[in-house]
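Below is one structure; the comments refer to it alone.
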Number of protein chains: 4
Amino acid sequence: MSFNTYGHLFRVTTWGESHGPALGATVDGCPPGIALTEADIQPWLDRRKPGQNRFTTQRREDDAVEILSGVYEGRTTGTPIQLLIRNTDQRSKDYGAIAQTFRPGHADITYWQKYGIRDPRGGGRSSARETAARVAAGGVARQVLAALLPGLAVRGYMVQMGPRAIDRARFDAAAIDQNPFWCPDAETADLWAADLDALRKSGNSVGAMIEVVAQGLPAGLGAPVYAKLDSELAAAMMSINAVKGVEIGAGMGAAALTGVENADEIRMGPGGQPVYASNHAGGILGGISTGQDVVVRFAVKPTSSILTPRRSVTLDGQEAEVVTKGRHDPCVGIRAVPVGEAMMACVLLDQFLLHRAQVGEGPRGAIG
Amino acid sequence: MSFNTYGHLFRVTTWGESHGPALGATVDGCPPGIALTEADIQPWLDRRKPGQNRFTTQRREDDAVEILSGVYEGRTTGTPIQLLIRNTDQRSKDYGAIAQTFRPGHADITYWQKYGIRDPRGGGRSSARETAARVAAGGVARQVLAALLPGLAVRGYMVQMGPRAIDRARFDAAAIDQNPFWCPDAETADLWAADLDALRKSGNSVGAMIEVVAQGLPAGLGAPVYAKLDSELAAAMMSINAVKGVEIGAGMGAAALTGVENADEIRMGPGGQPVYASNHAGGILGGISTGQDVVVRFAVKPTSSILTPRRSVTLDGQEAEVVTKGRHDPCVGIRAVPVGEAMMACVLLDQFLLHRAQVGEGPRGAIG
Amino acid sequence: MSFNTYGHLFRVTTWGESHGPALGATVDGCPPGIALTEADIQPWLDRRKPGQNRFTTQRREDDAVEILSGVYEGRTTGTPIQLLIRNTDQRSKDYGAIAQTFRPGHADITYWQKYGIRDPRGGGRSSARETAARVAAGGVARQVLAALLPGLAVRGYMVQMGPRAIDRARFDAAAIDQNPFWCPDAETADLWAADLDALRKSGNSVGAMIEVVAQGLPAGLGAPVYAKLDSELAAAMMSINAVKGVEIGAGMGAAALTGVENADEIRMGPGGQPVYASNHAGGILGGISTGQDVVVRFAVKPTSSILTPRRSVTLDGQEAEVVTKGRHDPCVGIRAVPVGEAMMACVLLDQFLLHRAQVGEGPRGAIG
Amino acid sequence: MSFNTYGHLFRVTTWGESHGPALGATVDGCPPGIALTEADIQPWLDRRKPGQNRFTTQRREDDAVEILSGVYEGRTTGTPIQLLIRNTDQRSKDYGAIAQTFRPGHADITYWQKYGIRDPRGGGRSSARETAARVAAGGVARQVLAALLPGLAVRGYMVQMGPRAIDRARFDAAAIDQNPFWCPDAETADLWAADLDALRKSGNSVGAMIEVVAQGLPAGLGAPVYAKLDSELAAAMMSINAVKGVEIGAGMGAAALTGVENADEIRMGPGGQPVYASNHAGGILGGISTGQDVVVRFAVKPTSSILTPRRSVTLDGQEAEVVTKGRHDPCVGIRAVPVGEAMMACVLLDQFLLHRAQVGEGPRGAIG
């Protein structure tokens, strides 16, 4: 992991700014012979696309992906895949004011302090628009995973918006695609709609918590000590814009548990495989997958670009009040759902390749 | 970050098993000319050392570090520093039973499933003993940071054990070294002592939450998108044994905030530097340090090696009950405090070097 | 260095195939605030451009570079720079025959054996066309070097074509740009022209040797043991298509020298700096620059795509004769000159950044 | 590749100085379940060991390797392997004089100029003694390769010493182990003995050329563009102390060939596999192995530590004459033979793992 590249073997380098001509991802290390066309990637981008309902930014982008390299006659060749997404609806004039003032809670000020130069148009590189490139790369990863690990399913959804969390008793996977919040609890989705309408009207924004689950991952993926599966997932999720916390399984709540409670007891399942009575581990022990569901949650802070005035300073050191007009997501966490899924897919594929490198394709330690 | 190496430029590779002859860290990329002797590193190791009170494992290890390379006449030469720590109190017979049975909640089973071979003596590579090497490397990082960033201070402490959290109103930095829990709240420390005595006697263990703070870090360290300062810290902390969650600043709680609440408002300070009215950001915006305190918290799950019987399976697929005798920490979170500090020090030094590489040593974007 | 990326901190990932819609380079880790426009890069691309005279392929490509990201108002921002070059003169029908047959001496067969799929149009990824992306990235590196190391000059030229080498006694730097061979010896250039006309007419091709020199590099760049300056240069040059050997200073000839001959004796120069009586070292000792000229030579094999029939096999295992029509360089070494310069520039910048990271910007060991 | 680490997946970090307490290699990424004991590694170290005959340094070192981690009950566990070699015959007083004066042709001066500090005892980190650690790591690689690619054989030998090259017509693999030069031509070995006796007596030293060949490597290993097999081999060999040039197959001589000569024509062999009429490619096309012998040659410059006075300067800027007494190899190329073999083994294993990661274990593109 370095600067703008993620992954060890399946390596994704994203590039591009919010208001430049285009952005994209350079995907290196992709296995060859995998069926891949733009049509395989586009549906994932469409899920993240802005302007789909009143709860996301009204910027209108097609987010149409073009594959410029690495694919021949509909199959990956093993060489780098360049994914290009043109920016079409930049309105830089919206951002004239913020070029001179730093939005509180935004990367405006730190980019300036680091580099002494920044592209202020739409947040430049720090815009959530960068995540379109991640989703495109995640689309490639999903296509490879479908071939290499056909039983794997990666699914994300929102479990909390502001102080209101879903009721796990009403969890219904089928509901996720039925509301604008990727919420598995239809009743809560309705409440969130009312909450968010009120917040938006008051010129405010709100945080959210996302859960991403991978089902069907074999046991044994990951690595000890520093490229642990959980460590890699934590880095991947924390690298998404506005994320402030990441947890696996019992997560931060593990601090409150006793060893007796936390032990996921093991029995032999009907198929001669170990089965677990619970999943506090979130599918990972010692940095290596157990074969249970891999469960990751991350918290997304509220959008910092809001209509409510906040106190700040200007480039020339004057104190000022900032009101960000432009077009912004009142809850950027909503669109973080497909992004979290994409990062999960990229990490799992990278770990699969790392495992195959060191250990090979055969099964290793059998039990029984 | 890869397998057993952490860092891009200040690179630490730890090696060694719990019951092998020795363990250690290979530290590459250290700046030259830094004063360094074993005496600079040993105090940090002594803080992590087992057997110091009734709340940590009774294994007796001197954890004496030897510098085998990279230092000449008391100064670093810029070449790799090999840090060696001999294991002296291995009692492998304690572990005979668990060689055939997998402890629930422990990496026993996943190492086996991944590699088809594991060193069962004391948990082998997955033992918390590996963290001694991290602390040694952290000692080197601290020595370099003292030379390059003399205003920087890194401090960790426990803020929760089991369900009981400290009272922030009683926070007293001076208390941290005055109790066996690195607890900044003396009253809570007393309660934890009683809690832990009870848990230990009942053959149980408990989780904990650790906070690590870096004060005095300049603005501008970190990098956009994938090697973000927060992303690197998340990976580093999550790579510590038994950690299940990591958060920065407001952390998981950011999900519940509104944009108005979350905005850390900015004013010009008396020295012509921006000052912040709050620190929900935990000192990091857009992956880059703001100059505020960098605040990281992580949750450590309870030790999985407990005296209370738990159901599990054996290597040959039989169902069994596991009781782990041996000598184990009832709250492994306690000794995770110096480990978290070490990881923070290593990450900050690595980020300092990355920044110096790309941007140079001079100041960049001034405000005012 | 990995798959399609070169460099540790100044990282260049090239992508694209000979006959795809475009190719390019993703440049990450570039220092911020460097003046950069397409006009700074284009002249280097123009030097490598095909079809400029009868000695290079007649394919007509503008090789016009577009900067898609990482630059704001004419200055680098420190974020990834995407360099795009559209392919405009693909004639894939030229290559229909070779899709089924492997050219001897060409990567056709190994790509197939590795991946089980290859893009046969124009050699796909293995085409020398990939080097356009390197030259573009080298243009960025040169721009940064001009700012950070203003005394540095990088220059390449051909010193041998086929069995005929230049006469060093006639070496004239001014001649290099005056002939189609980048030859510093005008008389030899004329002889090469005649040689190559004859070879081309006979349906043959020929190898060449290139020398690239960096003048004005400060002492102290490089690193011991594995990221040595010479090791990095060797990797960089050997990674160029068709290169079969790389040497530094005395090079392969060092095998024939005695220690007395090889010692570059040192004296104190008028400015209080060490000066060397000779440069068998090629400006590098122990992997670190001495301050002398860095001198690298590499051999480019003859183009494998020739009109003379050669025996080979087909995809379905039949023996066949191959005659490659298409449009090919009779001496691909000619266009390797700007490519070698580009690689030198990228390596030196990367090493400069690595040095600045570890050691800082100040001078280190003074002599006297 | 970075600073002191070599390899992408099979990663070797060497550490240690000539006159410190020990040196060694940290080997990460090794496949699990491979039989490995010290006895598997020691024979390779014994081949490199100094003091075995009058043609190598008279320093007496056992070079006994200890495995400190990563092996359990005689098998690799997949965790880092620490290889330790103690230094036992340091005589630092031999080097007192050179602490103040820079040997011409030696890294003394560049280490000083880079770091402002250096360990002058025996050359410190720049000593050829570092290569003992490479050979130990190569012993691990060979053990893994024996399990994963049982048909593979790696062999090195000297083909030139000073101006005198072997006669290829007398090439006899069985002779290599029968003389102190690893020379496959017994007659030339006798002449070299006389040559070297004379040089040594006159206080001089001499260069050499080494060839390392890998037989039995499958087609398809390597990668396009920057982690090409030839590029990786060039970096690996050039990283060995005193190496000034590396070539593959026809090597630097490829510059003199025509395309007709250079084409290694292909026929179908009796087993339905392609066979080649020649091997100008040195077993590598487009950075990927062809299945032919991989042939690498590298030139080693003469030892710079000689008894003949050479002019140089001192640390405080005085001009001086240098005579290096100590114990030095008159032809360091001799002991570079096992080092070159070790680097070849490490590179091939790393490439095997990279290939297995991306492409899997099955065969890919069949011919016929």
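Ligands are numbered from 1 in the order shown, residues from 1 within each chain, and chains are lettered A, B, ... in the order they appear in the structure tokens.
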If chain A is fitted onto chain D by least squares over all C-alpha atoms, taken pair by pair in sequence order, what do its new coordinates look like as a short mmCIF file (atom, residue, chain, number, x, y, z; two decimals) with C-alpha atoms, in the first residue's frame?
```cif
data_model
loop_
_atom_site.label_atom_id
_atom_site.label_comp_id
_atom_site.auth_asym_id
_atom_site.auth_seq_id
_atom_site.Cartn_x
_atom_site.Cartn_y
_atom_site.Cartn_z
CA MET A 1 13.29 -4.40 -4.07
CA SER A 2 14.19 -1.80 -1.52
CA PHE A 3 17.32 -0.93 0.40
CA ASN A 4 18.28 -4.26 1.92
CA THR A 5 15.42 -6.48 0.79
CA TYR A 6 15.25 -8.55 -2.36
CA GLY A 7 12.17 -10.17 -3.84
CA HIS A 8 8.44 -9.58 -4.07
CA LEU A 9 7.00 -12.65 -2.39
CA PHE A 10 10.04 -14.68 -1.38
CA ARG A 11 11.66 -11.75 0.35
CA VAL A 12 15.19 -11.79 1.67
CA THR A 13 16.46 -8.99 3.88
CA THR A 14 20.15 -9.29 4.69
CA TRP A 15 21.67 -7.50 7.66
CA GLY A 16 25.00 -7.27 9.39
CA GLU A 17 28.47 -5.91 9.04
CA SER A 18 31.82 -7.53 8.43
CA HIS A 19 33.06 -7.05 11.97
CA GLY A 20 29.86 -6.95 14.01
CA PRO A 21 28.86 -9.88 16.21
CA ALA A 22 26.85 -11.57 13.47
CA LEU A 23 25.16 -11.18 10.13
CA GLY A 24 22.23 -12.91 8.59
CA ALA A 25 19.13 -12.96 6.47
CA THR A 26 15.46 -12.61 7.32
CA VAL A 27 13.54 -14.71 4.83
CA ASP A 28 9.84 -13.96 4.61
CA GLY A 29 7.19 -15.50 2.40
CA CYS A 30 8.64 -19.00 2.31
CA PRO A 31 6.11 -21.70 1.40
CA PRO A 32 5.18 -23.95 4.33
CA GLY A 33 5.87 -27.62 4.80
CA ILE A 34 9.28 -27.67 3.14
CA ALA A 35 11.94 -29.84 4.77
CA LEU A 36 14.65 -27.54 6.08
CA THR A 37 17.47 -27.86 8.56
CA GLU A 38 20.82 -26.15 8.97
CA ALA A 39 22.36 -29.14 7.22
CA ASP A 40 20.46 -28.25 4.04
CA ILE A 41 21.94 -24.75 3.97
CA GLN A 42 25.46 -25.31 5.28
CA PRO A 43 26.93 -26.96 2.17
CA TRP A 44 26.20 -23.86 0.09
CA LEU A 45 27.85 -21.66 2.70
CA ASP A 46 30.84 -23.96 2.77
CA ARG A 47 31.33 -23.38 -0.96
CA ARG A 48 31.55 -19.63 -0.39
CA LYS A 49 33.57 -19.84 2.83
CA PRO A 50 36.82 -17.89 2.92
CA GLY A 51 40.23 -19.42 3.52
CA GLN A 52 39.72 -22.64 1.64
CA ASN A 53 42.74 -22.25 -0.58
CA ARG A 54 45.49 -19.78 -1.35
CA PHE A 55 43.31 -17.93 -3.87
CA THR A 56 40.81 -16.55 -1.38
CA THR A 57 41.07 -14.37 1.72
CA GLN A 58 42.79 -16.04 4.65
CA ARG A 59 40.15 -14.88 7.10
CA ARG A 60 38.93 -17.97 8.92
CA GLU A 61 35.19 -18.11 9.39
CA ASP A 62 33.13 -21.21 10.04
CA ASP A 63 30.13 -19.51 8.54
CA ALA A 64 27.93 -21.83 10.55
CA VAL A 65 24.29 -20.98 9.99
CA GLU A 66 21.66 -21.12 12.75
CA ILE A 67 17.94 -21.14 12.02
CA LEU A 68 16.27 -19.06 14.72
CA SER A 69 12.67 -19.11 13.53
CA GLY A 70 10.19 -20.28 10.94
CA VAL A 71 10.95 -23.99 11.14
CA TYR A 72 9.18 -26.55 13.31
CA GLU A 73 10.21 -30.17 13.55
CA GLY A 74 12.33 -29.82 10.43
CA ARG A 75 9.73 -28.19 8.21
CA THR A 76 9.08 -24.58 7.27
CA THR A 77 5.95 -23.15 8.84
CA GLY A 78 5.35 -20.29 6.40
CA THR A 79 6.50 -17.67 8.93
CA PRO A 80 9.77 -15.71 8.71
CA ILE A 81 12.99 -17.68 8.80
CA GLN A 82 15.84 -15.97 10.58
CA LEU A 83 19.25 -17.19 9.48
CA LEU A 84 22.10 -16.17 11.76
CA ILE A 85 25.81 -16.44 11.01
CA ARG A 86 28.21 -15.37 13.73
CA ASN A 87 31.38 -13.49 12.88
CA THR A 88 34.25 -15.18 14.65
CA ASP A 89 37.49 -14.03 13.04
CA GLN A 90 37.29 -10.25 13.00
CA ARG A 91 40.61 -8.50 13.31
CA SER A 92 39.57 -4.91 13.29
CA LYS A 93 43.04 -3.70 13.98
CA ASP A 94 43.91 -4.70 10.44
CA TYR A 95 41.72 -1.87 9.31
CA GLY A 96 42.83 0.95 11.54
CA ALA A 97 44.62 2.78 8.74
CA ILE A 98 41.75 2.74 6.29
CA ALA A 99 39.37 4.36 8.74
CA GLN A 100 40.95 7.67 7.81
CA THR A 101 41.64 7.07 4.12
CA PHE A 102 39.40 6.04 1.27
CA ARG A 103 40.49 3.07 -0.85
CA PRO A 104 40.20 3.93 -4.55
CA GLY A 105 37.55 1.81 -6.21
CA HIS A 106 35.91 1.01 -2.88
CA ALA A 107 32.61 2.06 -1.31
CA ASP A 108 34.46 3.67 1.61
CA ILE A 109 34.02 7.13 0.19
CA THR A 110 30.42 6.88 -1.00
CA TYR A 111 29.10 5.47 2.28
CA TRP A 112 30.74 8.41 3.97
CA GLN A 113 29.34 10.90 1.48
CA LYS A 114 25.86 9.46 1.78
CA TYR A 115 25.51 8.86 5.48
CA GLY A 116 28.18 10.95 7.16
CA ILE A 117 29.02 7.86 9.19
CA ARG A 118 30.37 4.45 8.28
CA ASP A 119 31.59 1.35 10.00
CA PRO A 120 35.15 1.10 8.68
CA ARG A 121 35.91 -2.25 10.26
CA GLY A 122 36.40 -4.60 7.34
CA GLY A 123 34.30 -2.45 5.07
CA GLY A 124 31.30 -2.71 7.38
CA ARG A 125 28.15 -3.28 5.42
CA SER A 126 29.89 -2.99 2.07
CA SER A 127 32.10 -6.00 2.77
CA ALA A 128 31.76 -9.04 0.55
CA ARG A 129 31.03 -10.79 3.81
CA GLU A 130 27.41 -9.69 3.35
CA THR A 131 27.13 -12.25 0.60
CA ALA A 132 27.29 -15.08 3.15
CA ALA A 133 23.75 -14.09 4.11
CA ARG A 134 22.68 -14.26 0.46
CA VAL A 135 24.09 -17.74 0.11
CA ALA A 136 22.25 -18.85 3.23
CA ALA A 137 18.99 -17.47 1.85
CA GLY A 138 19.76 -19.08 -1.47
CA GLY A 139 20.05 -22.37 0.37
CA VAL A 140 16.49 -21.95 1.58
CA ALA A 141 15.34 -21.06 -1.93
CA ARG A 142 17.03 -24.14 -3.36
CA GLN A 143 15.31 -26.36 -0.83
CA VAL A 144 11.91 -24.92 -1.80
CA LEU A 145 12.67 -25.17 -5.51
CA ALA A 146 13.67 -28.79 -5.09
CA ALA A 147 10.16 -29.42 -3.81
CA LEU A 148 8.23 -27.21 -6.22
CA LEU A 149 10.29 -27.55 -9.40
CA PRO A 150 12.13 -30.83 -8.99
CA GLY A 151 13.60 -30.76 -12.50
CA LEU A 152 15.38 -27.46 -11.94
CA ALA A 153 19.17 -27.23 -11.62
CA VAL A 154 21.10 -24.02 -10.97
CA ARG A 155 24.83 -24.01 -11.66
CA GLY A 156 27.47 -21.29 -11.73
CA TYR A 157 31.07 -21.25 -12.86
CA MET A 158 33.82 -18.85 -13.88
CA VAL A 159 34.29 -18.32 -17.60
CA GLN A 160 36.97 -15.63 -17.58
CA MET A 161 39.63 -14.33 -15.19
CA GLY A 162 41.45 -11.24 -16.28
CA PRO A 163 41.90 -11.36 -20.03
CA ARG A 164 41.89 -15.17 -20.14
CA ALA A 165 38.59 -16.89 -20.97
CA ILE A 166 37.76 -20.57 -20.97
CA ASP A 167 37.68 -22.56 -24.18
CA ARG A 168 34.02 -23.53 -24.60
CA ALA A 169 35.09 -26.55 -26.60
CA ARG A 170 36.61 -27.98 -23.44
CA PHE A 171 33.53 -27.26 -21.29
CA ASP A 172 33.15 -30.07 -18.78
CA ALA A 173 30.54 -29.64 -16.05
CA ALA A 174 32.25 -32.31 -13.99
CA ALA A 175 35.40 -30.19 -13.80
CA ILE A 176 33.69 -27.31 -12.02
CA ASP A 177 34.08 -28.76 -8.55
CA GLN A 178 37.58 -30.05 -9.23
CA ASN A 179 39.51 -26.79 -9.06
CA PRO A 180 39.55 -23.72 -6.82
CA PHE A 181 38.03 -21.49 -9.53
CA TRP A 182 34.75 -23.29 -10.24
CA CYS A 183 36.15 -23.52 -13.76
CA PRO A 184 34.53 -25.91 -16.26
CA ASP A 185 37.74 -26.07 -18.29
CA ALA A 186 40.53 -27.82 -16.41
CA GLU A 187 43.31 -26.53 -18.64
CA THR A 188 42.27 -22.95 -18.18
CA ALA A 189 42.00 -23.50 -14.43
CA ASP A 190 45.67 -24.41 -14.35
CA LEU A 191 46.59 -21.29 -16.28
CA TRP A 192 44.48 -19.17 -13.94
CA ALA A 193 46.31 -20.63 -10.94
CA ALA A 194 49.61 -19.47 -12.37
CA ASP A 195 48.15 -16.10 -13.37
CA LEU A 196 46.72 -15.51 -9.93
CA ASP A 197 49.82 -16.56 -8.06
CA ALA A 198 51.75 -13.99 -10.03
CA LEU A 199 49.19 -11.26 -9.48
CA ARG A 200 48.95 -11.94 -5.77
CA LYS A 201 52.68 -11.83 -5.35
CA SER A 202 52.86 -8.52 -7.18
CA GLY A 203 50.27 -7.02 -4.79
CA ASN A 204 47.62 -6.87 -7.43
CA SER A 205 44.15 -8.35 -8.00
CA VAL A 206 42.03 -9.24 -11.00
CA GLY A 207 38.47 -9.27 -12.34
CA ALA A 208 36.42 -12.22 -13.49
CA MET A 209 33.32 -13.23 -15.37
CA ILE A 210 30.77 -15.67 -13.95
CA GLU A 211 28.07 -17.56 -15.77
CA VAL A 212 25.03 -18.96 -13.99
CA VAL A 213 22.66 -21.32 -15.77
CA ALA A 214 19.26 -22.60 -14.74
CA GLN A 215 18.22 -25.78 -16.47
CA GLY A 216 14.72 -27.19 -16.34
CA LEU A 217 12.80 -23.98 -15.68
CA PRO A 218 9.31 -24.25 -17.17
CA ALA A 219 8.15 -21.81 -19.82
CA GLY A 220 5.97 -18.95 -18.62
CA LEU A 221 7.78 -17.60 -15.55
CA GLY A 222 8.37 -13.87 -15.47
CA ALA A 223 6.22 -10.86 -16.10
CA PRO A 224 5.92 -8.18 -18.72
CA VAL A 225 7.45 -4.76 -18.63
CA TYR A 226 9.03 -4.10 -15.23
CA ALA A 227 9.29 -7.30 -13.23
CA LYS A 228 10.60 -9.17 -16.23
CA LEU A 229 12.61 -12.24 -15.42
CA ASP A 230 15.65 -10.72 -17.10
CA SER A 231 15.16 -7.38 -15.37
CA GLU A 232 14.95 -9.10 -12.00
CA LEU A 233 18.03 -11.19 -12.72
CA ALA A 234 19.93 -8.11 -13.81
CA ALA A 235 19.04 -6.33 -10.59
CA ALA A 236 19.91 -9.35 -8.49
CA MET A 237 23.31 -9.92 -10.04
CA MET A 238 24.20 -6.22 -10.22
CA SER A 239 23.43 -5.99 -6.51
CA ILE A 240 26.30 -8.36 -5.71
CA ASN A 241 29.42 -6.55 -4.53
CA ALA A 242 31.81 -5.52 -7.30
CA VAL A 243 29.57 -6.54 -10.20
CA LYS A 244 29.73 -4.04 -13.09
CA GLY A 245 27.78 -5.72 -15.88
CA VAL A 246 25.09 -8.34 -16.43
CA GLU A 247 23.99 -10.01 -19.61
CA ILE A 248 21.44 -12.61 -20.68
CA GLY A 249 22.02 -15.06 -23.54
CA ALA A 250 23.80 -13.26 -26.36
CA GLY A 251 24.09 -10.33 -23.98
CA MET A 252 26.15 -7.30 -24.96
CA GLY A 253 27.07 -9.27 -28.06
CA ALA A 254 23.46 -8.98 -29.27
CA ALA A 255 24.37 -5.49 -30.45
CA ALA A 256 26.49 -7.06 -33.19
CA LEU A 257 23.92 -9.56 -34.46
CA THR A 258 21.43 -9.36 -37.27
CA GLY A 259 17.82 -10.42 -36.89
CA VAL A 260 18.45 -13.45 -39.07
CA GLU A 261 21.28 -14.59 -36.82
CA ASN A 262 19.51 -13.77 -33.58
CA ALA A 263 16.25 -15.61 -34.33
CA ASP A 264 16.22 -18.80 -32.26
CA GLU A 265 14.29 -20.91 -34.71
CA ILE A 266 11.58 -23.15 -33.29
CA ARG A 267 10.64 -26.71 -34.18
CA MET A 268 8.29 -29.19 -32.55
CA GLY A 269 10.18 -31.62 -30.37
CA PRO A 270 9.51 -35.31 -30.01
CA GLY A 271 7.40 -34.74 -26.89
CA GLY A 272 5.08 -32.26 -28.57
CA GLN A 273 6.90 -29.32 -27.02
CA PRO A 274 8.58 -26.51 -28.94
CA VAL A 275 12.35 -26.87 -29.18
CA TYR A 276 14.78 -24.19 -30.18
CA ALA A 277 17.68 -24.41 -32.60
CA SER A 278 19.76 -21.93 -30.59
CA ASN A 279 19.53 -19.85 -27.42
CA HIS A 280 20.58 -16.29 -28.15
CA ALA A 281 17.63 -15.33 -25.96
CA GLY A 282 19.25 -16.94 -22.93
CA GLY A 283 15.94 -18.58 -22.16
CA ILE A 284 13.93 -15.37 -21.84
CA LEU A 285 11.68 -13.60 -24.37
CA GLY A 286 9.63 -10.56 -23.42
CA GLY A 287 10.68 -11.02 -19.82
CA ILE A 288 9.18 -14.53 -19.66
CA SER A 289 10.98 -17.87 -19.63
CA THR A 290 10.92 -19.96 -22.81
CA GLY A 291 11.72 -23.28 -21.18
CA GLN A 292 15.29 -23.21 -22.51
CA ASP A 293 18.28 -22.81 -20.22
CA VAL A 294 18.31 -19.42 -18.52
CA VAL A 295 21.83 -18.12 -19.06
CA VAL A 296 23.17 -15.11 -17.13
CA ARG A 297 26.70 -13.76 -17.07
CA PHE A 298 28.12 -11.04 -14.86
CA ALA A 299 31.46 -9.30 -14.59
CA VAL A 300 33.14 -8.83 -11.24
CA LYS A 301 35.70 -6.07 -10.97
CA PRO A 302 39.08 -6.70 -9.33
CA THR A 303 39.30 -6.35 -5.56
CA SER A 304 40.05 -2.74 -4.67
CA SER A 305 41.97 -3.64 -1.52
CA ILE A 306 45.46 -4.23 -2.89
CA LEU A 307 49.05 -4.00 -1.69
CA THR A 308 50.13 -1.80 -4.58
CA PRO A 309 50.04 1.85 -3.52
CA ARG A 310 47.26 3.89 -5.09
CA ARG A 311 46.70 7.61 -4.73
CA SER A 312 43.72 8.77 -2.72
CA VAL A 313 42.55 11.31 -0.14
CA THR A 314 41.91 11.23 3.59
CA LEU A 315 38.86 12.10 5.62
CA ASP A 316 40.30 15.49 6.34
CA GLY A 317 40.99 16.21 2.69
CA GLN A 318 44.69 15.40 2.51
CA GLU A 319 46.14 13.58 -0.45
CA ALA A 320 47.67 10.24 0.46
CA GLU A 321 48.81 6.89 -0.85
CA VAL A 322 46.80 3.84 0.13
CA VAL A 323 48.15 0.35 0.59
CA THR A 324 45.60 -2.11 1.94
CA LYS A 325 47.15 -4.80 4.05
CA GLY A 326 44.47 -6.92 5.74
CA ARG A 327 43.39 -10.23 4.24
CA HIS A 328 41.75 -9.90 0.85
CA ASP A 329 40.68 -12.03 -2.05
CA PRO A 330 43.01 -11.45 -5.00
CA CYS A 331 40.04 -12.40 -7.25
CA VAL A 332 36.77 -11.80 -5.48
CA GLY A 333 35.05 -13.24 -8.53
CA ILE A 334 35.87 -16.76 -7.37
CA ARG A 335 33.66 -16.53 -4.32
CA ALA A 336 31.01 -14.73 -6.37
CA VAL A 337 30.13 -18.02 -8.05
CA PRO A 338 28.06 -19.43 -5.19
CA VAL A 339 26.63 -15.97 -4.62
CA GLY A 340 25.42 -15.73 -8.19
CA GLU A 341 23.85 -19.16 -7.87
CA ALA A 342 22.09 -18.06 -4.70
CA MET A 343 20.67 -14.95 -6.34
CA MET A 344 19.47 -17.01 -9.31
CA ALA A 345 17.71 -19.44 -6.95
CA CYS A 346 16.04 -16.61 -5.02
CA VAL A 347 14.84 -14.87 -8.18
CA LEU A 348 13.48 -18.03 -9.74
CA LEU A 349 11.56 -18.97 -6.61
CA ASP A 350 10.15 -15.47 -6.30
CA GLN A 351 9.07 -15.57 -9.92
CA PHE A 352 7.56 -19.00 -9.47
CA LEU A 353 5.46 -17.67 -6.59
CA LEU A 354 4.46 -14.56 -8.53
CA HIS A 355 3.39 -16.72 -11.44
CA ARG A 356 1.44 -19.09 -9.23
CA ALA A 357 -0.31 -16.10 -7.67
CA GLN A 358 -1.51 -14.60 -10.91
CA VAL A 359 -2.01 -17.60 -13.11
CA GLY A 360 -2.41 -20.57 -10.78
CA GLU A 361 -0.80 -23.95 -10.84
CA GLY A 362 -2.27 -25.44 -14.00
CA PRO A 363 -0.67 -25.27 -17.43
CA ARG A 364 -1.72 -22.33 -19.57
CA GLY A 365 -1.24 -21.84 -23.30
CA ALA A 366 -0.59 -25.20 -24.90
CA ILE A 367 1.01 -25.46 -28.29
CA GLY A 368 -0.45 -28.12 -30.50
#
```
Please report, as a PyMOL selection string, each residue of region 112-246 of chain B to which DSSP assigns strand (DSSP E) when run on this structure's backbone.
chain B and resi 153-161+164-165+208-215+243-246
